[in-house]
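Asks: Next up, run.json (JSON, N, CA and C atoms).
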[["chain", "number", "residue", "atom", "x", "y", "z"],
["S", 50, "MET", "N", -62.41, 72.91, -57.18],
["S", 50, "MET", "CA", -61.75, 71.86, -57.92],
["S", 50, "MET", "C", -62.73, 71.29, -58.93],
["S", 51, "GLN", "N", -62.20, 70.93, -60.07],
["S", 51, "GLN", "CA", -63.02, 70.41, -61.16],
["S", 51, "GLN", "C", -62.41, 69.12, -61.67],
["S", 52, "PHE", "N", -63.21, 68.06, -61.73],
["S", 52, "PHE", "CA", -62.74, 66.79, -62.28],
["S", 52, "PHE", "C", -62.83, 66.84, -63.79],
["S", 53, "THR", "N", -61.79, 66.36, -64.48],
["S", 53, "THR", "CA", -61.82, 66.22, -65.93],
["S", 53, "THR", "C", -61.32, 64.82, -66.27],
["S", 54, "ASP", "N", -61.84, 64.27, -67.35],
["S", 54, "ASP", "CA", -61.38, 62.96, -67.78],
["S", 54, "ASP", "C", -59.98, 63.06, -68.37],
["S", 55, "ALA", "N", -59.16, 62.07, -68.09],
["S", 55, "ALA", "CA", -57.80, 62.04, -68.64],
["S", 55, "ALA", "C", -57.87, 61.87, -70.15],
["S", 56, "LYS", "N", -56.98, 62.57, -70.82],
["S", 56, "LYS", "CA", -56.89, 62.49, -72.27],
["S", 56, "LYS", "C", -55.48, 62.06, -72.63],
["S", 57, "GLU", "N", -55.25, 61.83, -73.90],
["S", 57, "GLU", "CA", -53.91, 61.51, -74.38],
["S", 57, "GLU", "C", -52.95, 62.61, -73.93],
["S", 58, "GLY", "N", -51.87, 62.24, -73.27],
["S", 58, "GLY", "CA", -50.88, 63.20, -72.81],
["S", 58, "GLY", "C", -51.17, 63.81, -71.44],
["S", 59, "SER", "N", -52.29, 63.42, -70.80],
["S", 59, "SER", "CA", -52.59, 63.92, -69.45],
["S", 59, "SER", "C", -51.57, 63.36, -68.47],
["S", 60, "PRO", "N", -51.25, 64.13, -67.41],
["S", 60, "PRO", "CA", -50.31, 63.61, -66.40],
["S", 60, "PRO", "C", -50.91, 62.40, -65.70],
["S", 61, "VAL", "N", -50.07, 61.41, -65.42],
["S", 61, "VAL", "CA", -50.54, 60.16, -64.83],
["S", 61, "VAL", "C", -49.72, 59.86, -63.58],
["S", 62, "ILE", "N", -50.42, 59.58, -62.48],
["S", 62, "ILE", "CA", -49.78, 59.11, -61.27],
["S", 62, "ILE", "C", -49.44, 57.64, -61.52],
["S", 63, "SER", "N", -48.20, 57.26, -61.31],
["S", 63, "SER", "CA", -47.81, 55.86, -61.55],
["S", 63, "SER", "C", -47.02, 55.33, -60.36],
["S", 64, "GLY", "N", -46.81, 54.03, -60.34],
["S", 64, "GLY", "CA", -46.01, 53.40, -59.30],
["S", 64, "GLY", "C", -46.59, 53.54, -57.91],
["S", 65, "LEU", "N", -47.91, 53.61, -57.79],
["S", 65, "LEU", "CA", -48.55, 53.79, -56.49],
["S", 65, "LEU", "C", -48.38, 52.53, -55.64],
["S", 66, "THR", "N", -47.84, 52.71, -54.43],
["S", 66, "THR", "CA", -47.68, 51.60, -53.49],
["S", 66, "THR", "C", -48.20, 52.02, -52.12],
["S", 67, "ARG", "N", -48.50, 51.04, -51.29],
["S", 67, "ARG", "CA", -48.92, 51.33, -49.93],
["S", 67, "ARG", "C", -48.24, 50.36, -48.98],
["S", 68, "THR", "N", -47.95, 50.87, -47.79],
["S", 68, "THR", "CA", -47.45, 50.03, -46.71],
["S", 68, "THR", "C", -48.30, 50.30, -45.49],
["S", 69, "VAL", "N", -48.47, 49.28, -44.65],
["S", 69, "VAL", "CA", -49.28, 49.40, -43.45],
["S", 69, "VAL", "C", -48.45, 48.95, -42.26],
["S", 70, "GLU", "N", -48.43, 49.77, -41.22],
["S", 70, "GLU", "CA", -47.79, 49.42, -39.96],
["S", 70, "GLU", "C", -48.74, 49.78, -38.84],
["S", 71, "GLU", "N", -49.18, 48.76, -38.12],
["S", 71, "GLU", "CA", -50.13, 48.91, -37.03],
["S", 71, "GLU", "C", -51.35, 49.70, -37.49],
["S", 72, "ASP", "N", -51.57, 50.91, -36.98],
["S", 72, "ASP", "CA", -52.78, 51.66, -37.33],
["S", 72, "ASP", "C", -52.49, 52.82, -38.28],
["S", 73, "ARG", "N", -51.36, 52.77, -39.02],
["S", 73, "ARG", "CA", -51.01, 53.83, -39.96],
["S", 73, "ARG", "C", -50.64, 53.23, -41.31],
["S", 74, "PHE", "N", -50.89, 54.00, -42.36],
["S", 74, "PHE", "CA", -50.48, 53.55, -43.69],
["S", 74, "PHE", "C", -49.72, 54.67, -44.39],
["S", 75, "THR", "N", -48.94, 54.28, -45.38],
["S", 75, "THR", "CA", -48.16, 55.22, -46.18],
["S", 75, "THR", "C", -48.40, 54.94, -47.65],
["S", 76, "LEU", "N", -48.68, 55.98, -48.42],
["S", 76, "LEU", "CA", -48.78, 55.88, -49.88],
["S", 76, "LEU", "C", -47.57, 56.56, -50.48],
["S", 77, "ARG", "N", -47.02, 55.95, -51.53],
["S", 77, "ARG", "CA", -45.94, 56.56, -52.29],
["S", 77, "ARG", "C", -46.23, 56.34, -53.78],
["S", 78, "TRP", "N", -45.81, 57.29, -54.59],
["S", 78, "TRP", "CA", -46.05, 57.20, -56.03],
["S", 78, "TRP", "C", -44.98, 57.97, -56.77],
["S", 79, "ILE", "N", -44.99, 57.84, -58.08],
["S", 79, "ILE", "CA", -44.09, 58.60, -58.95],
["S", 79, "ILE", "C", -44.88, 59.80, -59.46],
["S", 80, "TRP", "N", -44.31, 60.97, -59.24],
["S", 80, "TRP", "CA", -44.97, 62.22, -59.65],
["S", 80, "TRP", "C", -44.75, 62.49, -61.13],
["S", 81, "PRO", "N", -45.79, 62.90, -61.85],
["S", 81, "PRO", "CA", -45.59, 63.37, -63.23],
["S", 81, "PRO", "C", -44.73, 64.63, -63.20],
["S", 82, "ARG", "N", -43.99, 64.86, -64.24],
["S", 82, "ARG", "CA", -43.04, 65.96, -64.31],
["S", 82, "ARG", "C", -43.64, 67.33, -64.00],
["S", 83, "ASP", "N", -44.77, 67.65, -64.56],
["S", 83, "ASP", "CA", -45.32, 69.00, -64.45],
["S", 83, "ASP", "C", -46.40, 69.16, -63.38],
["S", 84, "ILE", "N", -46.47, 68.26, -62.42],
["S", 84, "ILE", "CA", -47.49, 68.30, -61.38],
["S", 84, "ILE", "C", -46.84, 68.61, -60.03],
["S", 85, "ASP", "N", -47.37, 69.62, -59.33],
["S", 85, "ASP", "CA", -46.85, 70.00, -58.02],
["S", 85, "ASP", "C", -47.80, 69.70, -56.87],
["S", 86, "ALA", "N", -49.00, 69.17, -57.20],
["S", 86, "ALA", "CA", -49.97, 68.84, -56.16],
["S", 86, "ALA", "C", -50.89, 67.73, -56.65],
["S", 87, "VAL", "N", -51.44, 67.01, -55.69],
["S", 87, "VAL", "CA", -52.44, 65.98, -55.98],
["S", 87, "VAL", "C", -53.60, 66.16, -55.01],
["S", 88, "TYR", "N", -54.72, 65.57, -55.33],
["S", 88, "TYR", "CA", -55.82, 65.44, -54.40],
["S", 88, "TYR", "C", -55.95, 63.96, -54.06],
["S", 89, "ILE", "N", -56.17, 63.67, -52.79],
["S", 89, "ILE", "CA", -56.31, 62.28, -52.34],
["S", 89, "ILE", "C", -57.70, 62.12, -51.75],
["S", 90, "ARG", "N", -58.41, 61.09, -52.24],
["S", 90, "ARG", "CA", -59.75, 60.80, -51.73],
["S", 90, "ARG", "C", -59.75, 59.44, -51.05],
["S", 91, "LYS", "N", -60.29, 59.39, -49.85],
["S", 91, "LYS", "CA", -60.43, 58.15, -49.08],
["S", 91, "LYS", "C", -61.92, 57.87, -48.95],
["S", 92, "THR", "N", -62.34, 56.72, -49.50],
["S", 92, "THR", "CA", -63.76, 56.37, -49.55],
["S", 92, "THR", "C", -63.95, 54.94, -49.06],
["S", 93, "PRO", "N", -64.95, 54.68, -48.22],
["S", 93, "PRO", "CA", -65.25, 53.28, -47.88],
["S", 93, "PRO", "C", -65.48, 52.48, -49.16],
["S", 94, "ALA", "N", -64.96, 51.27, -49.22],
["S", 94, "ALA", "CA", -65.01, 50.46, -50.44],
["S", 94, "ALA", "C", -66.42, 50.30, -50.98],
["S", 95, "GLU", "N", -67.39, 50.14, -50.12],
["S", 95, "GLU", "CA", -68.77, 49.93, -50.59],
["S", 95, "GLU", "C", -69.38, 51.19, -51.20],
["S", 96, "GLN", "N", -68.76, 52.35, -50.99],
["S", 96, "GLN", "CA", -69.27, 53.61, -51.56],
["S", 96, "GLN", "C", -68.41, 54.13, -52.70],
["S", 97, "ALA", "N", -67.35, 53.41, -53.06],
["S", 97, "ALA", "CA", -66.38, 53.90, -54.05],
["S", 97, "ALA", "C", -67.02, 54.19, -55.40],
["S", 98, "GLU", "N", -67.92, 53.34, -55.86],
["S", 98, "GLU", "CA", -68.56, 53.54, -57.17],
["S", 98, "GLU", "C", -69.37, 54.83, -57.20],
["S", 99, "SER", "N", -70.12, 55.08, -56.14],
["S", 99, "SER", "CA", -71.00, 56.26, -56.12],
["S", 99, "SER", "C", -70.25, 57.56, -55.84],
["S", 100, "ALA", "N", -68.98, 57.49, -55.41],
["S", 100, "ALA", "CA", -68.20, 58.68, -55.07],
["S", 100, "ALA", "C", -67.37, 59.19, -56.23],
["S", 101, "ALA", "N", -67.60, 58.69, -57.42],
["S", 101, "ALA", "CA", -66.74, 59.01, -58.56],
["S", 101, "ALA", "C", -66.52, 60.50, -58.78],
["S", 102, "GLY", "N", -67.52, 61.33, -58.70],
["S", 102, "GLY", "CA", -67.35, 62.76, -58.93],
["S", 102, "GLY", "C", -67.39, 63.59, -57.67],
["S", 103, "ASP", "N", -67.36, 62.96, -56.50],
["S", 103, "ASP", "CA", -67.47, 63.64, -55.22],
["S", 103, "ASP", "C", -66.20, 64.43, -54.91],
["S", 104, "THR", "N", -66.33, 65.73, -54.74],
["S", 104, "THR", "CA", -65.17, 66.58, -54.40],
["S", 104, "THR", "C", -65.17, 66.96, -52.92],
["S", 105, "GLY", "N", -66.15, 66.49, -52.17],
["S", 105, "GLY", "CA", -66.27, 66.88, -50.77],
["S", 105, "GLY", "C", -65.32, 66.16, -49.84],
["S", 106, "ASN", "N", -64.77, 65.04, -50.24],
["S", 106, "ASN", "CA", -63.95, 64.23, -49.34],
["S", 106, "ASN", "C", -62.54, 64.07, -49.92],
["S", 107, "VAL", "N", -61.95, 65.17, -50.37],
["S", 107, "VAL", "CA", -60.61, 65.10, -50.94],
["S", 107, "VAL", "C", -59.67, 66.01, -50.16],
["S", 108, "LYS", "N", -58.40, 65.65, -50.16],
["S", 108, "LYS", "CA", -57.39, 66.43, -49.45],
["S", 108, "LYS", "C", -56.30, 66.82, -50.43],
["S", 109, "LEU", "N", -55.95, 68.10, -50.45],
["S", 109, "LEU", "CA", -54.85, 68.58, -51.28],
["S", 109, "LEU", "C", -53.53, 68.20, -50.62],
["S", 110, "TYR", "N", -52.61, 67.66, -51.40],
["S", 110, "TYR", "CA", -51.30, 67.26, -50.90],
["S", 110, "TYR", "C", -50.26, 67.70, -51.92],
["S", 111, "THR", "N", -49.29, 68.48, -51.47],
["S", 111, "THR", "CA", -48.31, 69.04, -52.40],
["S", 111, "THR", "C", -47.07, 68.17, -52.52],
["S", 112, "ARG", "N", -46.33, 68.40, -53.57],
["S", 112, "ARG", "CA", -45.07, 67.70, -53.79],
["S", 112, "ARG", "C", -44.10, 68.01, -52.64],
["S", 113, "ALA", "N", -44.10, 69.25, -52.16],
["S", 113, "ALA", "CA", -43.22, 69.64, -51.05],
["S", 113, "ALA", "C", -43.56, 68.86, -49.78],
["S", 114, "GLU", "N", -44.86, 68.69, -49.48],
["S", 114, "GLU", "CA", -45.28, 67.90, -48.32],
["S", 114, "GLU", "C", -44.83, 66.45, -48.49],
["S", 115, "TYR", "N", -45.01, 65.94, -49.69],
["S", 115, "TYR", "CA", -44.64, 64.56, -49.99],
["S", 115, "TYR", "C", -43.15, 64.33, -49.73],
["S", 116, "LYS", "N", -42.32, 65.25, -50.23],
["S", 116, "LYS", "CA", -40.87, 65.13, -50.03],
["S", 116, "LYS", "C", -40.51, 65.23, -48.55],
["S", 117, "ALA", "N", -41.10, 66.18, -47.84],
["S", 117, "ALA", "CA", -40.80, 66.39, -46.43],
["S", 117, "ALA", "C", -41.20, 65.18, -45.58],
["S", 118, "ASN", "N", -42.29, 64.51, -45.96],
["S", 118, "ASN", "CA", -42.82, 63.38, -45.18],
["S", 118, "ASN", "C", -42.44, 62.02, -45.75],
["S", 119, "ASN", "N", -41.74, 62.01, -46.88],
["S", 119, "ASN", "CA", -41.37, 60.76, -47.55],
["S", 119, "ASN", "C", -42.62, 59.93, -47.88],
["S", 120, "GLY", "N", -43.64, 60.58, -48.46],
["S", 120, "GLY", "CA", -44.88, 59.91, -48.84],
["S", 120, "GLY", "C", -46.07, 60.58, -48.17],
["S", 121, "TYR", "N", -47.22, 59.95, -48.33],
["S", 121, "TYR", "CA", -48.45, 60.43, -47.70],
["S", 121, "TYR", "C", -48.80, 59.45, -46.59],
["S", 122, "HIS", "N", -48.94, 59.96, -45.37],
["S", 122, "HIS", "CA", -49.22, 59.12, -44.21],
["S", 122, "HIS", "C", -50.59, 59.46, -43.64],
["S", 123, "SER", "N", -51.30, 58.44, -43.19],
["S", 123, "SER", "CA", -52.59, 58.66, -42.55],
["S", 123, "SER", "C", -52.88, 57.50, -41.61],
["S", 124, "ARG", "N", -53.88, 57.68, -40.80],
["S", 124, "ARG", "CA", -54.26, 56.67, -39.81],
["S", 124, "ARG", "C", -55.40, 55.80, -40.36],
["S", 125, "LEU", "N", -55.33, 54.52, -40.05],
["S", 125, "LEU", "CA", -56.44, 53.61, -40.36],
["S", 125, "LEU", "C", -57.50, 53.80, -39.29],
["S", 126, "GLU", "N", -58.72, 54.08, -39.71],
["S", 126, "GLU", "CA", -59.79, 54.36, -38.77],
["S", 126, "GLU", "C", -60.94, 53.40, -38.99],
["S", 127, "GLY", "N", -61.50, 52.92, -37.91],
["S", 127, "GLY", "CA", -62.67, 52.06, -38.01],
["S", 127, "GLY", "C", -62.35, 50.68, -38.56],
["S", 128, "ILE", "N", -63.41, 49.99, -38.92],
["S", 128, "ILE", "CA", -63.29, 48.63, -39.45],
["S", 128, "ILE", "C", -63.80, 48.65, -40.88],
["S", 129, "GLY", "N", -63.13, 47.91, -41.74],
["S", 129, "GLY", "CA", -63.58, 47.83, -43.12],
["S", 129, "GLY", "C", -62.49, 48.22, -44.09],
["S", 130, "ARG", "N", -62.82, 48.13, -45.36],
["S", 130, "ARG", "CA", -61.87, 48.45, -46.42],
["S", 130, "ARG", "C", -62.14, 49.83, -46.98],
["S", 131, "TYR", "N", -61.07, 50.47, -47.44],
["S", 131, "TYR", "CA", -61.18, 51.80, -48.04],
["S", 131, "TYR", "C", -60.50, 51.80, -49.40],
["S", 132, "VAL", "N", -60.98, 52.67, -50.26],
["S", 132, "VAL", "CA", -60.36, 52.91, -51.56],
["S", 132, "VAL", "C", -59.74, 54.29, -51.49],
["S", 133, "LEU", "N", -58.44, 54.38, -51.77],
["S", 133, "LEU", "CA", -57.76, 55.67, -51.83],
["S", 133, "LEU", "C", -57.43, 55.96, -53.27],
["S", 134, "THR", "N", -57.79, 57.15, -53.73],
["S", 134, "THR", "CA", -57.55, 57.55, -55.11],
["S", 134, "THR", "C", -56.69, 58.79, -55.09],
["S", 135, "VAL", "N", -55.62, 58.79, -55.90],
["S", 135, "VAL", "CA", -54.73, 59.94, -56.00],
["S", 135, "VAL", "C", -54.96, 60.57, -57.37],
["S", 136, "PHE", "N", -55.39, 61.83, -57.37],
["S", 136, "PHE", "CA", -55.68, 62.56, -58.60],
["S", 136, "PHE", "C", -54.58, 63.58, -58.85],
["S", 137, "ALA", "N", -54.00, 63.56, -60.05],
["S", 137, "ALA", "CA", -53.04, 64.61, -60.43],
["S", 137, "ALA", "C", -53.81, 65.93, -60.51],
["S", 138, "CYS", "N", -53.21, 67.00, -60.05],
["S", 138, "CYS", "CA", -53.88, 68.31, -60.04],
["S", 138, "CYS", "C", -53.02, 69.32, -60.79],
["S", 139, "ARG", "N", -53.64, 70.00, -61.72],
["S", 139, "ARG", "CA", -52.95, 71.10, -62.39],
["S", 139, "ARG", "C", -53.90, 72.26, -62.53],
["S", 140, "GLU", "N", -53.33, 73.45, -62.62],
["S", 140, "GLU", "CA", -54.14, 74.65, -62.74],
["S", 140, "GLU", "C", -54.70, 74.77, -64.15],
["S", 141, "GLY", "N", -55.99, 75.00, -64.22],
["S", 141, "GLY", "CA", -56.65, 75.22, -65.51],
["S", 141, "GLY", "C", -57.26, 76.61, -65.52],
["S", 142, "SER", "N", -57.99, 76.92, -66.56],
["S", 142, "SER", "CA", -58.59, 78.25, -66.68],
["S", 142, "SER", "C", -59.64, 78.51, -65.60],
["S", 143, "GLY", "N", -60.31, 77.46, -65.11],
["S", 143, "GLY", "CA", -61.34, 77.62, -64.11],
["S", 143, "GLY", "C", -60.88, 77.22, -62.71],
["S", 144, "GLY", "N", -59.58, 77.12, -62.48],
["S", 144, "GLY", "CA", -59.05, 76.70, -61.19],
["S", 144, "GLY", "C", -58.43, 75.32, -61.27],
["S", 145, "PRO", "N", -58.23, 74.67, -60.12],
["S", 145, "PRO", "CA", -57.59, 73.35, -60.12],
["S", 145, "PRO", "C", -58.41, 72.31, -60.88],
["S", 146, "GLN", "N", -57.72, 71.51, -61.68],
["S", 146, "GLN", "CA", -58.37, 70.42, -62.43],
["S", 146, "GLN", "C", -57.66, 69.13, -62.12]]
Would you write out, as structure tokens, the structure that this file holds?
Replies:
Amino acid sequence: MQFTDAKEGSPVISGLTRTVEEDRFTLRWIWPRDIDAVYIRKTPAEQAESAAGDTGNVKLYTRAEYKANNGYHSRLEGIGRYVLTVFACREGSGGPQ
């Protein structure tokens, strides 16, 4: 996977919301028209700035999974705050971008 900076006309994840019930959370968003997958990164809040280009802690999530599960669900673990980032993913010449 390769991170690229968004440019004019790049696909944009919008309408991102979260709900929390007990020890689980759900993320929902509006998918860009031409995107069939996203990468989701969960980072402790105090490390979010330094994780900007980190590809080691990301999970691929497809539009089909999203539809089947009615969003992205995960468990809240440990104590503290986390930053979740949803990256639009499209195939480029060098692989996923």
Asks: Got a sec: who's within 6 Å of S:Arg130, counting all atoms listed in the file, leaving out chain neighbours fewer than 3 positions off, as a PyMOL selection string?
Replies: chain S and resi 92-94
Asks: Quick one: pull the distance between atom N of S:Arg124 and atom C of S:Phe74, Å, one decimal.
Replies: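 So the answer is 6.3 Å.
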Asks: Just the number, please: distance in Å from atom CA of S:Glu95 to atom CA of S:Arg77, one decimal.
Replies: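 Computed distance, atom CA of S:Glu95 to atom CA of S:Arg77, equals 23.8 Å.
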Asks: Quote the spacing between atom C of S:Phe136 and atom CA of S:Val69 in Å to one decimal place.
Replies: 21.6 Å
Asks: Tell me which of S:Glu126, S:Thr75, S:Tyr121, S:Pro81 sits closest to S:Ser59, counting all atoms listed in the file.
Replies: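 Checking each candidate against S:Ser59, we get S:Pro81 as the closest.
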Asks: Which residue gives the smallest distance to S:Leu125 among S:Arg67, S:Arg112, S:Lys56, S:Arg73, with all atoms listed in the file counted?
Replies: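 Result for the nearest residue to S:Leu125: S:Arg73.
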Asks: I'd like to know which of S:Gly58, S:Val87, S:Trp80, S:Gly129 is closest to S:Val107, using all atoms listed in the file.
Replies: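 The closest residue to S:Val107 is S:Val87.
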Asks: Which residue gives the smallest distance to S:Thr134 among S:Lys91, S:Thr111, S:Ile79, S:Glu57, with only C-alpha atoms counted?
Replies: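 The shortest atom-to-atom distance to S:Thr134 comes from S:Lys91.
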Asks: Considering all atoms listed in the file, can you say which of S:Ser63, S:Arg90, S:Asn106, S:Val135 comes closest to S:Trp78?
Replies: S:Ser63
Asks: Under the rule that only N, CA and C atoms are counted, which of S:Asn119, S:Val61, S:Leu133, S:Tyr110 is the nearest residue to S:Ala86?
Replies: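 Closest to S:Ala86, using only N, CA and C atoms: S:Tyr110.
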Asks: From the DSSP assignment of the backbone, select every residue of stretch 55-140 of chain S that is helix (DSSP H, G or I), and format the answer as an NGL selection string.
Replies: :S and (94-96 or 112-118)
Asks: Give me a file of those residues, with N, CA and C atoms, as a PDB file, in the frame of the given file.
Replies:
ATOM      1  N   ALA S  94     -64.960  51.270 -49.220  1.00  0.00           N
ATOM      2  CA  ALA S  94     -65.010  50.460 -50.440  1.00  0.00           C
ATOM      3  C   ALA S  94     -66.420  50.300 -50.980  1.00  0.00           C
ATOM      4  N   GLU S  95     -67.390  50.140 -50.120  1.00  0.00           N
ATOM      5  CA  GLU S  95     -68.770  49.930 -50.590  1.00  0.00           C
ATOM      6  C   GLU S  95     -69.380  51.190 -51.200  1.00  0.00           C
ATOM      7  N   GLN S  96     -68.760  52.350 -50.990  1.00  0.00           N
ATOM      8  CA  GLN S  96     -69.270  53.610 -51.560  1.00  0.00           C
ATOM      9  C   GLN S  96     -68.410  54.130 -52.700  1.00  0.00           C
ATOM     10  N   ARG S 112     -46.330  68.400 -53.570  1.00  0.00           N
ATOM     11  CA  ARG S 112     -45.070  67.700 -53.790  1.00  0.00           C
ATOM     12  C   ARG S 112     -44.100  68.010 -52.640  1.00  0.00           C
ATOM     13  N   ALA S 113     -44.100  69.250 -52.160  1.00  0.00           N
ATOM     14  CA  ALA S 113     -43.220  69.640 -51.050  1.00  0.00           C
ATOM     15  C   ALA S 113     -43.560  68.860 -49.780  1.00  0.00           C
ATOM     16  N   GLU S 114     -44.860  68.690 -49.480  1.00  0.00           N
ATOM     17  CA  GLU S 114     -45.280  67.900 -48.320  1.00  0.00           C
ATOM     18  C   GLU S 114     -44.830  66.450 -48.490  1.00  0.00           C
ATOM     19  N   TYR S 115     -45.010  65.940 -49.690  1.00  0.00           N
ATOM     20  CA  TYR S 115     -44.640  64.560 -49.990  1.00  0.00           C
ATOM     21  C   TYR S 115     -43.150  64.330 -49.730  1.00  0.00           C
ATOM     22  N   LYS S 116     -42.320  65.250 -50.230  1.00  0.00           N
ATOM     23  CA  LYS S 116     -40.870  65.130 -50.030  1.00  0.00           C
ATOM     24  C   LYS S 116     -40.510  65.230 -48.550  1.00  0.00           C
ATOM     25  N   ALA S 117     -41.100  66.180 -47.840  1.00  0.00           N
ATOM     26  CA  ALA S 117     -40.800  66.390 -46.430  1.00  0.00           C
ATOM     27  C   ALA S 117     -41.200  65.180 -45.580  1.00  0.00           C
ATOM     28  N   ASN S 118     -42.290  64.510 -45.960  1.00  0.00           N
ATOM     29  CA  ASN S 118     -42.820  63.380 -45.180  1.00  0.00           C
ATOM     30  C   ASN S 118     -42.440  62.020 -45.750  1.00  0.00           C
TER      31      ASN S 118
END
